[in-house]
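This is final04.txt (compact mmCIF, C-alpha atoms).
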# COMPACT_ATOMS: atom_id res chain seq x y z
CA ALA I 178 225.08 54.72 -52.99
CA SER I 179 227.52 55.42 -55.82
CA LEU I 180 230.12 53.22 -54.12
CA LEU I 181 227.60 50.41 -53.79
CA LEU I 182 226.86 50.58 -57.50
CA GLY I 183 230.58 50.44 -58.29
CA GLU I 184 231.69 53.35 -60.42
CA ALA I 185 234.48 53.55 -62.99
CA PRO I 186 237.41 52.22 -60.88
CA GLY I 187 235.53 48.94 -60.29
CA TRP I 188 235.84 46.57 -57.33
CA LEU I 189 239.56 47.17 -56.80
CA GLY I 190 238.86 50.89 -56.62
CA ILE I 191 236.13 50.33 -54.05
CA VAL I 192 238.48 48.27 -51.90
CA ASP I 193 241.49 50.57 -52.25
CA LYS I 194 239.67 53.87 -51.91
CA ARG I 195 236.89 52.90 -49.52
CA TRP I 196 238.06 50.13 -47.23
CA ILE I 197 241.84 50.16 -47.21
CA GLY I 198 242.23 52.96 -44.70
CA ASN I 199 238.71 52.67 -43.24
CA PRO I 200 238.57 51.77 -39.53
CA ARG I 201 235.38 49.67 -39.72
CA ILE I 202 235.93 45.91 -39.76
CA PHE I 203 233.18 44.67 -42.07
CA PHE I 204 234.45 45.17 -45.60
CA LEU I 205 233.14 41.74 -46.71
CA THR I 206 229.61 42.87 -45.88
CA TRP I 207 230.22 46.09 -47.80
CA LEU I 208 231.38 44.18 -50.88
CA LEU I 209 228.36 41.88 -50.60
CA GLN I 210 226.09 44.92 -50.49
CA GLY I 211 227.92 46.24 -53.54
CA THR I 212 227.29 42.97 -55.36
CA TRP I 213 223.61 43.10 -54.41
CA ALA I 214 223.40 46.68 -55.67
CA ARG I 215 224.97 45.66 -58.99
CA ILE I 216 222.37 42.90 -59.38
CA TRP I 217 219.19 44.50 -58.01
CA GLY I 218 219.87 48.22 -58.12
CA LEU I 219 218.78 50.61 -55.38
CA GLU I 220 215.14 51.23 -56.22
CA THR I 221 213.67 48.43 -54.08
CA ILE I 222 214.40 47.24 -50.57
CA VAL I 223 212.98 43.72 -51.03
CA PRO I 224 216.15 41.82 -52.12
CA TYR I 225 218.15 43.47 -49.34
CA PHE I 226 215.52 42.61 -46.74
CA LEU I 227 215.22 39.02 -47.98
CA LEU I 228 218.94 38.35 -47.59
CA GLY I 229 219.00 39.84 -44.09
CA PHE I 230 215.87 37.96 -43.06
CA LEU I 231 217.18 34.66 -44.46
CA ALA I 232 220.39 35.17 -42.48
CA HIS I 233 218.33 35.88 -39.34
CA LEU I 234 216.16 32.82 -39.95
CA SER I 235 219.25 30.68 -40.55
CA SER I 236 220.72 31.90 -37.26
CA CYS I 237 217.59 30.82 -35.38
CA LEU I 238 217.58 27.39 -37.04
CA LEU I 239 221.30 26.93 -36.33
CA LEU I 240 220.72 27.96 -32.71
CA GLN I 241 217.97 25.37 -32.36
CA ARG I 242 220.25 22.70 -33.86
CA LEU I 243 223.12 23.62 -31.53
CA LEU I 244 220.86 23.54 -28.48
CA ARG I 245 219.60 20.09 -29.44
CA ARG I 246 223.18 18.95 -29.93
CA ALA I 247 223.96 20.26 -26.42
CA GLY I 248 221.23 18.01 -25.00
CA VAL I 249 218.38 20.51 -24.60
CA GLU I 250 214.94 19.00 -25.07
CA GLU I 251 213.27 19.64 -28.40
CA ARG I 252 210.51 21.83 -27.02
CA SER I 253 212.92 24.10 -25.13
CA ALA I 254 215.17 24.45 -28.18
CA ALA I 255 212.18 25.29 -30.36
CA LEU I 256 210.96 27.90 -27.85
CA VAL I 257 214.37 29.62 -27.78
CA ALA I 258 214.62 29.63 -31.58
CA LEU I 259 211.08 30.96 -32.06
CA ALA I 260 211.53 33.65 -29.42
CA CYS I 261 214.80 34.74 -31.04
CA LEU I 262 213.11 34.83 -34.44
CA VAL I 263 210.62 37.46 -33.23
CA THR I 264 212.83 39.29 -30.74
CA PRO I 265 212.07 43.03 -31.03
CA THR I 266 215.75 44.04 -31.17
CA SER I 267 216.04 42.44 -34.63
CA SER I 268 213.61 44.81 -36.36
CA ASN I 269 215.99 47.69 -37.00
CA ALA I 270 218.82 45.43 -38.16
CA LEU I 271 216.55 43.56 -40.58
CA PHE I 272 214.71 46.49 -42.16
CA TRP I 273 217.60 48.89 -42.73
CA ILE I 274 219.85 47.63 -45.50
CA ASN I 275 222.94 49.22 -44.00
CA CYS I 276 222.70 46.89 -40.97
CA TRP I 277 223.83 43.64 -42.58
CA GLN I 278 227.06 43.92 -40.57
CA PHE I 279 225.06 43.09 -37.43
CA VAL I 280 223.06 40.15 -38.82
CA LEU I 281 225.50 38.30 -41.10
CA PRO I 282 228.36 37.77 -38.60
CA VAL I 283 225.96 36.13 -36.14
CA THR I 284 224.98 33.62 -38.82
CA GLY I 285 228.65 33.14 -39.65
CA PHE I 286 229.57 32.54 -36.01
CA LEU I 287 226.81 29.96 -35.50
CA LEU I 288 227.79 28.24 -38.75
CA LEU I 289 231.42 28.18 -37.59
CA THR I 290 230.30 26.59 -34.30
CA GLU I 291 228.32 23.97 -36.23
CA LEU I 292 231.36 23.19 -38.41
CA TYR I 293 233.54 22.88 -35.33
CA LEU I 294 231.15 20.44 -33.66
CA CYS I 295 230.63 18.44 -36.89
CA PRO I 296 234.09 17.91 -38.45
CA LEU I 297 234.33 17.01 -42.12
CA ARG I 298 235.74 13.60 -42.92
CA ASN I 299 238.51 15.04 -45.06
CA ARG I 300 240.94 16.74 -42.66
CA PRO I 301 242.44 19.29 -45.09
CA ALA I 302 238.94 20.28 -46.24
CA ASP I 303 237.82 20.46 -42.60
CA LEU I 304 240.65 22.84 -41.66
CA ALA I 305 240.10 24.93 -44.78
CA ALA I 306 236.35 25.24 -44.08
CA LEU I 307 236.95 26.21 -40.45
CA SER I 308 239.61 28.78 -41.34
CA ALA I 309 237.52 30.32 -44.14
CA ALA I 310 234.41 30.50 -41.94
CA ALA I 311 236.39 32.10 -39.09
CA VAL I 312 238.05 34.76 -41.26
CA CYS I 313 234.81 35.57 -43.10
CA THR I 314 232.87 35.83 -39.83
CA GLN I 315 235.51 38.22 -38.54
CA PHE I 316 235.24 40.57 -41.50
CA LEU I 317 231.45 40.40 -41.84
CA GLY I 318 230.98 42.55 -38.74
CA GLU I 319 233.02 43.88 -35.88
CA GLN I 320 230.51 43.56 -33.06
CA THR I 321 230.98 39.77 -32.89
CA LEU I 322 234.79 39.96 -32.62
CA PRO I 323 234.90 39.56 -28.80
CA VAL I 324 232.46 36.64 -29.05
CA LEU I 325 234.50 35.02 -31.83
CA TYR I 326 237.77 35.09 -29.92
CA ALA I 327 236.07 34.01 -26.71
CA GLY I 328 234.79 31.06 -28.74
CA PHE I 329 238.34 30.26 -29.86
CA LEU I 330 239.46 30.29 -26.22
CA TRP I 331 236.58 28.04 -25.15
CA ALA I 332 237.33 25.58 -27.98
CA LEU I 333 241.04 25.56 -27.10
CA ILE I 334 240.31 24.78 -23.45
CA ARG I 335 237.82 22.11 -24.51
CA ALA I 336 240.40 20.45 -26.78
CA TRP I 337 243.18 20.73 -24.19
CA ARG I 338 241.08 19.01 -21.51
CA GLN I 339 240.51 15.98 -23.73
CA PRO I 340 242.27 12.83 -22.52
CA ALA I 341 245.67 12.25 -24.11
CA ALA I 342 245.00 10.28 -27.27
CA PRO I 343 246.11 10.24 -30.93
CA GLY I 344 243.17 12.47 -31.89
CA ARG I 345 243.91 15.15 -29.31
CA SER I 346 246.56 16.88 -31.43
CA HIS I 347 244.10 17.17 -34.30
CA LEU I 348 241.52 18.75 -31.98
CA LEU I 349 244.08 21.38 -31.00
CA ILE I 350 245.04 21.96 -34.65
CA ARG I 351 241.37 22.47 -35.55
CA VAL I 352 241.29 25.39 -33.12
CA LEU I 353 244.79 26.84 -33.54
CA ILE I 354 244.87 27.10 -37.35
CA PRO I 355 241.54 28.99 -37.76
CA ALA I 356 242.41 31.17 -34.75
CA ALA I 357 245.86 31.96 -36.17
CA ALA I 358 244.45 32.76 -39.63
CA SER I 359 241.88 35.09 -38.07
CA ALA I 360 244.32 36.75 -35.68
CA ILE I 361 247.01 37.38 -38.33
CA SER I 362 244.54 38.92 -40.76
CA LEU I 363 242.95 41.01 -38.00
CA VAL I 364 246.31 42.31 -36.74
CA TYR I 365 247.29 43.30 -40.28
CA TYR I 366 243.98 45.07 -40.86
CA TRP I 367 244.13 46.74 -37.45
CA LEU I 368 247.64 48.08 -38.01
CA ARG I 369 246.87 49.11 -41.60
CA CYS I 370 243.43 50.66 -41.11
CA VAL I 371 242.24 50.99 -37.53
CA ALA I 372 245.28 52.13 -35.56
CA PRO I 373 246.05 55.19 -37.76
CA PHE I 374 242.42 56.30 -37.45
CA LEU I 375 242.39 55.94 -33.66
CA LYS I 376 245.49 58.09 -33.37
CA LYS I 377 243.66 60.96 -35.07
CA SER I 378 240.17 60.45 -33.64
CA GLY I 379 238.40 59.75 -30.40
CA ALA I 380 238.26 61.38 -27.01
CA ALA I 381 239.85 60.37 -23.74
CA ALA I 382 237.81 57.89 -21.70
CA SER I 383 236.58 58.76 -18.22
CA TRP I 384 234.43 57.13 -15.56
CA ALA I 385 231.64 59.54 -16.46
CA THR I 386 231.60 58.41 -20.11
CA VAL I 387 231.79 54.74 -19.08
CA TRP I 388 228.81 55.20 -16.75
CA GLN I 389 226.92 57.07 -19.47
CA ALA I 390 227.54 54.24 -21.98
CA LEU I 391 226.31 51.66 -19.45
CA ARG I 392 223.16 53.69 -18.77
CA GLU I 393 222.42 54.14 -22.48
CA SER I 394 222.91 50.44 -23.20
CA ALA I 395 220.64 49.44 -20.30
CA ALA I 396 217.99 51.94 -21.41
CA LEU I 397 218.01 50.66 -24.98
CA HIS I 398 217.60 47.03 -23.95
CA ALA I 399 214.95 47.77 -21.35
CA GLY I 400 213.04 49.94 -23.81
CA ALA I 401 213.18 47.30 -26.52
CA PHE I 402 211.25 44.84 -24.34
CA THR I 403 208.83 47.38 -22.84
CA PRO I 404 205.75 48.53 -24.80
CA PHE I 405 204.98 52.24 -25.11
CA SER I 406 208.47 53.11 -23.87
CA VAL I 407 210.67 55.91 -25.17
CA GLN I 408 212.23 53.30 -27.46
CA TYR I 409 208.93 52.88 -29.30
CA GLY I 410 207.48 56.30 -28.72
CA SER I 411 210.22 58.29 -30.47
CA GLY I 412 209.02 59.10 -33.94
CA SER I 413 206.26 56.48 -33.99
CA VAL I 414 202.51 56.68 -33.78
CA ALA I 415 200.01 54.57 -31.88
CA PRO I 416 199.52 51.05 -33.28
CA SER I 417 196.91 50.97 -36.00
CA PRO I 418 193.92 48.58 -35.99
CA ALA I 419 195.80 46.45 -38.51
CA THR I 420 198.74 46.22 -36.12
CA TRP I 421 196.50 45.16 -33.25
CA GLY I 422 194.84 42.65 -35.58
CA LEU I 423 198.19 41.08 -36.46
CA ILE I 424 199.15 40.87 -32.79
CA ALA I 425 195.81 39.25 -31.92
CA ALA I 426 196.18 36.75 -34.78
CA VAL I 427 199.64 35.74 -33.59
CA ALA I 428 198.38 35.34 -30.02
CA LEU I 429 195.40 33.26 -31.16
CA ILE I 430 197.50 30.92 -33.31
CA LEU I 431 200.09 30.41 -30.57
CA GLY I 432 197.43 29.96 -27.90
CA ARG I 433 195.62 27.24 -29.85
CA ARG I 434 198.92 25.51 -30.55
CA ALA I 435 199.86 25.71 -26.85
CA LEU I 436 196.57 24.22 -25.73
CA ARG I 437 197.04 21.32 -28.14
CA GLU I 438 200.65 20.69 -27.12
CA GLY I 439 199.87 21.10 -23.42
CA ARG I 440 198.06 17.75 -23.44
CA GLU I 441 201.13 15.93 -24.78
CA PRO I 442 203.67 14.36 -22.38
CA GLU I 443 206.74 16.51 -21.82
CA GLU I 444 210.25 15.34 -22.57
CA ARG I 445 212.54 15.83 -19.58
CA THR I 446 215.49 18.21 -19.93
CA ARG I 447 218.65 16.11 -20.04
CA ILE I 448 221.11 18.78 -18.97
CA PRO I 449 221.06 21.67 -16.48
CA LEU I 450 220.25 24.97 -18.12
CA TRP I 451 222.61 27.18 -16.11
CA PRO I 452 225.67 26.64 -18.40
CA LEU I 453 223.61 27.78 -21.40
CA ILE I 454 222.25 30.78 -19.50
CA LEU I 455 225.79 31.67 -18.42
CA ALA I 456 227.01 31.40 -22.03
CA ALA I 457 224.17 33.63 -23.27
CA ALA I 458 224.96 36.18 -20.55
CA ALA I 459 228.62 36.15 -21.59
CA ILE I 460 227.63 36.75 -25.23
CA PHE I 461 225.39 39.62 -24.12
CA ILE I 462 228.27 41.29 -22.28
CA LEU I 463 230.90 40.64 -24.95
CA SER I 464 228.66 41.94 -27.73
CA GLN I 465 228.26 45.25 -25.89
CA VAL I 466 231.94 45.71 -24.97
CA HIS I 467 232.92 46.83 -28.46
CA VAL I 468 229.91 49.12 -28.78
CA MET I 469 230.39 50.81 -25.42
CA ALA I 470 234.12 51.22 -26.08
CA GLY I 471 233.23 53.25 -29.18
CA VAL I 472 230.71 55.30 -27.21
CA VAL I 473 233.23 55.99 -24.45
CA LYS I 474 235.82 57.12 -27.00
CA GLY I 475 233.27 59.34 -28.74
CA LEU I 476 233.48 57.36 -32.00
CA ARG I 477 229.78 56.41 -32.08
CA VAL I 478 226.51 56.95 -30.28
CA MET I 479 224.51 54.17 -28.66
CA GLU I 480 221.81 53.25 -31.17
CA TYR I 481 219.14 50.61 -31.52
CA ARG I 482 220.90 48.60 -34.23
CA TYR I 483 223.73 47.77 -31.80
CA THR I 484 221.36 45.60 -29.74
CA TYR I 485 220.82 42.85 -32.34
CA LEU I 486 223.19 40.21 -30.95
CA SER I 487 222.75 41.20 -27.32
CA GLY I 488 218.97 41.15 -27.80
CA LEU I 489 219.15 37.60 -29.14
CA ALA I 490 221.19 36.55 -26.11
CA LEU I 491 218.75 38.25 -23.73
CA THR I 492 215.76 36.62 -25.42
CA ALA I 493 217.45 33.21 -25.21
CA VAL I 494 217.99 33.71 -21.46
CA LEU I 495 214.32 34.65 -20.97
CA ALA I 496 213.13 31.59 -22.88
CA LEU I 497 215.52 29.23 -21.08
CA LEU I 498 214.49 30.59 -17.68
CA LEU I 499 210.85 30.12 -18.61
CA ARG I 500 211.44 26.50 -19.56
CA GLY I 501 213.61 25.94 -16.49
CA ALA I 502 210.67 27.03 -14.33
CA ARG I 503 208.52 24.31 -15.95
CA SER I 504 205.98 26.86 -17.11
CA GLY I 505 202.93 25.79 -18.99
CA ALA I 506 202.51 25.89 -22.74
CA LEU I 507 200.18 28.89 -22.52
CA VAL I 508 202.82 30.92 -20.66
CA GLU I 509 205.40 30.08 -23.33
CA ALA I 510 202.95 31.05 -26.05
CA ALA I 511 202.28 34.30 -24.22
CA LEU I 512 206.02 35.10 -24.26
CA VAL I 513 206.27 34.55 -28.02
CA ALA I 514 203.05 36.51 -28.62
CA TYR I 515 204.36 39.38 -26.47
CA LEU I 516 207.66 39.50 -28.37
CA SER I 517 205.80 39.28 -31.68
CA GLY I 518 203.59 42.20 -30.66
CA LEU I 519 206.62 44.34 -29.81
CA THR I 520 208.24 43.42 -33.11
CA ILE I 521 205.13 44.26 -35.13
CA TYR I 522 204.82 47.56 -33.28
CA ASN I 523 208.49 48.31 -33.88
CA LEU I 524 208.21 47.51 -37.57
CA HIS I 525 205.32 49.95 -37.70
CA ASP I 526 207.67 52.57 -36.25
CA ILE I 527 210.47 51.76 -38.71
CA TRP I 528 208.12 51.63 -41.67
CA GLY I 529 206.64 54.99 -40.66
CA ALA I 530 210.10 56.53 -40.47
CA GLN I 531 210.97 55.02 -43.83
CA LYS I 532 207.86 56.53 -45.40
CA ARG I 533 208.82 59.95 -44.11
CA LEU I 534 212.15 59.59 -45.86
CA ASP I 535 210.80 58.08 -49.07
CA ASP I 536 210.21 61.37 -50.86
CA ASN I 537 213.84 62.37 -50.55
CA ASP I 538 215.48 58.92 -50.69
CA SER I 539 213.57 57.74 -53.73
CA ARG I 540 214.73 60.73 -55.76
CA VAL I 541 218.35 60.30 -54.70
CA LEU I 542 218.49 56.53 -55.20
CA ALA I 543 216.65 56.68 -58.52
CA ALA I 544 219.08 59.31 -59.76
CA VAL I 545 222.06 57.19 -58.74
CA ALA I 546 220.57 54.05 -60.26
CA ARG I 547 220.05 55.83 -63.57
CA GLY I 548 223.72 56.83 -63.54

Output the structure of this file as structure tokens.
Amino acid sequence: ASLLLGEAPGWLGIVDKRWIGNPRIFFLTWLLQGTWARIWGLETIVPYFLLGFLAHLSSCLLLQRLLRRAGVEERSAALVALACLVTPTSSNALFWINCWQFVLPVTGFLLLTELYLCPLRNRPADLAALSAAAVCTQFLGEQTLPVLYAGFLWALIRAWRQPAAPGRSHLLIRVLIPAAASAISLVYYWLRCVAPFLKKSGAAASWATVWQALRESAALHAGAFTPFSVQYGSGSVAPSPATWGLIAAVALILGRRALREGREPEERTRIPLWPLILAAAAIFILSQVHVMAGVVKGLRVMEYRYTYLSGLALTAVLALLLRGARSGALVEAALVAYLSGLTIYNLHDIWGAQKRLDDNDSRVLAAVARG
């Protein structure tokens, strides 16, 4: 908390003493949290939640836009975006202010994809925007690093397969320059901060630890989408009448909307859905590689907040499969209502845990804020 508020050495001291030499690759998120703490203090969670939620909402809107650009019908794109908005794996990342490093890089990656697909008219400005977005996405959070570089590879292959033409070289440059800027900065940071830490820390990997990491990851994801599971039962209480009322209200609103839209003619899907499902599955796997590598090396434990990006990918697959099966509007509404119910229940759990910590945290944070 004192680092977030920025003590006597100032910002340069925070960077030199906190992040130069720290193995975590999200110092831009840390500095943004420090800026937020300077502006709003540490006595209220609202400004921190609003920024995280706006980033999450922006990610869902960008995802809908990208799906429409890929040729997905409007209703399918809207279903995926709405399901991702209420996916239960987002609750922990949104309501704990130290989880920005899981939410912000996803928004950055989707924004980078949008910039790549919609080049600016001015070429130098286009390259500068792509490079800045790529480097910032990289240092907003480390869990998206495998996805980011897989995206670079996909874009490079896509540009290389273009027919030979005067514009082909520019397509390659639009990929190579942002990728080079990101890779050079990452290699420097890795050698300066991460590699020395790994030499002193971590345990030797074994098949037993790999299997354990896979089991823990599968259990977390299965529990997140299963009501009354261990995921929700640990530390929580039964849903209150208000919680059930919120869930019923969501179901009623979605059901009425589905009945109204079910009478409207459907737009036919213009592209097969399997490439999108395959891409979402690849993102799911890549987002868990970094996490499980840390678990295998004994550098972290598998926790709920590490399922934010993979949960979005899994929810997108569920929604796309539902639309691919030509399900009715009521079935789609039931999916969103089900996810909303899990999210509301999970927020109840998180809020209950937060209340149990309030007595201690409020005293500590208030003391820090007063200086």

Which residue gives the smallest distance to Ser308 (chain I) among I:Ile354, I:Val257, I:Tyr293, I:Arg246, with all atoms listed in the file counted?
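With all atoms listed in the file as the atom set, the closest residue is I:Ile354.
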
For region 216-225 of chain I, take all atoms listed in the file, fit an axis-aligned box around them, add 5 Å to each of the six sides, then output centre and edge lengths in Å rounded to one decimal, as AutoDock Vina command-line options.
--center_x 217.7 --center_y 46.5 --center_z -54.4 --size_x 19.4 --size_y 19.4 --size_z 20.0

Two-atom distance - CA of Arg351 (chain I), CA of Asp303 (chain I) (Å):
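Distance between the two atoms: 8.1 Å.
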
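Look at Ala470 (chain I): the protein and nucleic acid residues within 10 Å of it, using all atoms listed in the file and passing over chain neighbours fewer than 4 places away, are Ala382, Thr386, Val387, Ala390, Gln465, Val466, Lys474, Gly475, Leu476 and Arg477 of chain I.
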
For the contact check between region 252-332 of chain I and region 224-230 of chain I, emit one row per residue of region 252-332 of chain I within 7 Å, containing the shortest atom pair and the distance in Å rounded to one decimal, counting all atoms listed in the file, chain then rising number order, as a Markdown table.
| residue | atom | partner | partner_atom | distance |
| --- | --- | --- | --- | --- |
| I:Leu271 | CA | I:Gly229 | CA | 5.7 |
| I:Phe272 | CA | I:Phe226 | CA | 6.1 |
| I:Ile274 | CA | I:Tyr225 | CA | 5.9 |
| I:Trp277 | CA | I:Gly229 | CA | 6.3 |
| I:Val280 | CA | I:Gly229 | CA | 6.7 |

As an exercise, work out the distance from CA of Ile448 (chain I) to CA of Ala310 (chain I) in Å and give it to one decimal place.
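Between these atoms lies a distance of 29.0 Å.
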
So what do you get for CA of Glu250 (chain I) versus CA of Leu516 (chain I), distance-wise?
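According to the coordinates, CA of Glu250 (chain I) and CA of Leu516 (chain I) are separated by 22.0 Å.
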
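Each of I:Ala260, I:Ile460, I:Ala255, I:Ile202 was checked against Val364 (chain I) using only C-alpha atoms; the smallest atom-to-atom distance is that of I:Ile202.
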
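Among the candidate residues I:Trp217, I:Tyr515, I:Phe461, I:Trp207, the one lying nearest to Ser394 (chain I) is I:Phe461, with distances computed using all atoms listed in the file.
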
Up to 9 Å from (231.7, 35.0, -40.2) in the file's coordinates: name the residues, counting only C-alpha atoms, as number ranges by chain.
I: 281-289, 309-318, 321, 325

Those same residues, written as a short mmCIF file (atom, residue, chain, number, x, y, z; two decimals), in the frame of the given file with C-alpha atoms?
data_model
loop_
_atom_site.label_atom_id
_atom_site.label_comp_id
_atom_site.auth_asym_id
_atom_site.auth_seq_id
_atom_site.Cartn_x
_atom_site.Cartn_y
_atom_site.Cartn_z
CA LEU I 281 225.50 38.30 -41.10
CA PRO I 282 228.36 37.77 -38.60
CA VAL I 283 225.96 36.13 -36.14
CA THR I 284 224.98 33.62 -38.82
CA GLY I 285 228.65 33.14 -39.65
CA PHE I 286 229.57 32.54 -36.01
CA LEU I 287 226.81 29.96 -35.50
CA LEU I 288 227.79 28.24 -38.75
CA LEU I 289 231.42 28.18 -37.59
CA ALA I 309 237.52 30.32 -44.14
CA ALA I 310 234.41 30.50 -41.94
CA ALA I 311 236.39 32.10 -39.09
CA VAL I 312 238.05 34.76 -41.26
CA CYS I 313 234.81 35.57 -43.10
CA THR I 314 232.87 35.83 -39.83
CA GLN I 315 235.51 38.22 -38.54
CA PHE I 316 235.24 40.57 -41.50
CA LEU I 317 231.45 40.40 -41.84
CA GLY I 318 230.98 42.55 -38.74
CA THR I 321 230.98 39.77 -32.89
CA LEU I 325 234.50 35.02 -31.83
#

Give me the residues within 12 Å of Val249 (chain I) as a list in words, counting all atoms listed in the file and dropping any in the same chain fewer than 3 places off.
Leu240, Gln241, Arg242, Leu243, Leu244, Arg245, Arg246, Arg252, Ser253, Ala254, Ala255, Leu256, Val257, Glu444, Arg445, Thr446, Arg447, Ile448, Pro449, Leu450, Trp451, Pro452, Leu453, Leu497, Arg500 and Gly501 of chain I

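Distances here use only C-alpha atoms; by that measure, the residue among I:Trp367, I:Asn275, I:Ala426, I:Val223 closest to Gly211 (chain I) is I:Asn275.
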
Using the incomplete input, complete region 470-482 of chain I to the level of N, CA, C and O atoms; output as an mmCIF file, in the coordinates of the input.
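Ended up saving to selection.cif:
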data_model
loop_
_atom_site.group_PDB
_atom_site.id
_atom_site.type_symbol
_atom_site.label_atom_id
_atom_site.label_comp_id
_atom_site.auth_asym_id
_atom_site.auth_seq_id
_atom_site.Cartn_x
_atom_site.Cartn_y
_atom_site.Cartn_z
ATOM 1 N N ALA I 470 232.779 50.638 -25.934
ATOM 2 C CA ALA I 470 234.120 51.220 -26.080
ATOM 3 C C ALA I 470 234.099 52.357 -27.096
ATOM 4 O O ALA I 470 234.727 53.401 -26.887
ATOM 5 N N GLY I 471 233.353 52.176 -28.197
ATOM 6 C CA GLY I 471 233.230 53.250 -29.180
ATOM 7 C C GLY I 471 232.490 54.445 -28.640
ATOM 8 O O GLY I 471 232.837 55.597 -28.936
ATOM 9 N N VAL I 472 231.452 54.193 -27.813
ATOM 10 C CA VAL I 472 230.710 55.300 -27.210
ATOM 11 C C VAL I 472 231.591 56.069 -26.241
ATOM 12 O O VAL I 472 231.595 57.308 -26.223
ATOM 13 N N VAL I 473 232.348 55.352 -25.430
ATOM 14 C CA VAL I 473 233.230 55.990 -24.450
ATOM 15 C C VAL I 473 234.279 56.857 -25.135
ATOM 16 O O VAL I 473 234.610 57.951 -24.669
ATOM 17 N N LYS I 474 234.795 56.373 -26.276
ATOM 18 C CA LYS I 474 235.820 57.120 -27.000
ATOM 19 C C LYS I 474 235.235 58.216 -27.891
ATOM 20 O O LYS I 474 235.974 58.952 -28.541
ATOM 21 N N GLY I 475 233.900 58.321 -27.927
ATOM 22 C CA GLY I 475 233.270 59.340 -28.740
ATOM 23 C C GLY I 475 233.263 59.035 -30.227
ATOM 24 O O GLY I 475 233.082 59.933 -31.056
ATOM 25 N N LEU I 476 233.429 57.753 -30.589
ATOM 26 C CA LEU I 476 233.480 57.360 -32.000
ATOM 27 C C LEU I 476 232.106 56.972 -32.535
ATOM 28 O O LEU I 476 231.939 56.847 -33.744
ATOM 29 N N ARG I 477 231.142 56.740 -31.664
ATOM 30 C CA ARG I 477 229.780 56.410 -32.080
ATOM 31 C C ARG I 477 228.832 56.786 -30.965
ATOM 32 O O ARG I 477 229.259 57.073 -29.844
ATOM 33 N N VAL I 478 227.539 56.768 -31.301
ATOM 34 C CA VAL I 478 226.510 56.950 -30.280
ATOM 35 C C VAL I 478 225.772 55.636 -30.115
ATOM 36 O O VAL I 478 225.700 54.819 -31.040
ATOM 37 N N MET I 479 225.244 55.399 -28.930
ATOM 38 C CA MET I 479 224.510 54.170 -28.660
ATOM 39 C C MET I 479 223.188 54.216 -29.397
ATOM 40 O O MET I 479 222.335 55.063 -29.135
ATOM 41 N N GLU I 480 223.010 53.275 -30.345
ATOM 42 C CA GLU I 480 221.810 53.250 -31.170
ATOM 43 C C GLU I 480 221.194 51.858 -31.154
ATOM 44 O O GLU I 480 221.837 50.863 -30.776
ATOM 45 N N TYR I 481 219.955 51.814 -31.614
ATOM 46 C CA TYR I 481 219.140 50.610 -31.520
ATOM 47 C C TYR I 481 219.749 49.432 -32.274
ATOM 48 O O TYR I 481 219.649 48.283 -31.852
ATOM 49 N N ARG I 482 220.388 49.696 -33.412
ATOM 50 C CA ARG I 482 220.900 48.600 -34.230
ATOM 51 C C ARG I 482 222.024 47.834 -33.522
ATOM 52 O O ARG I 482 222.328 46.698 -33.891
#
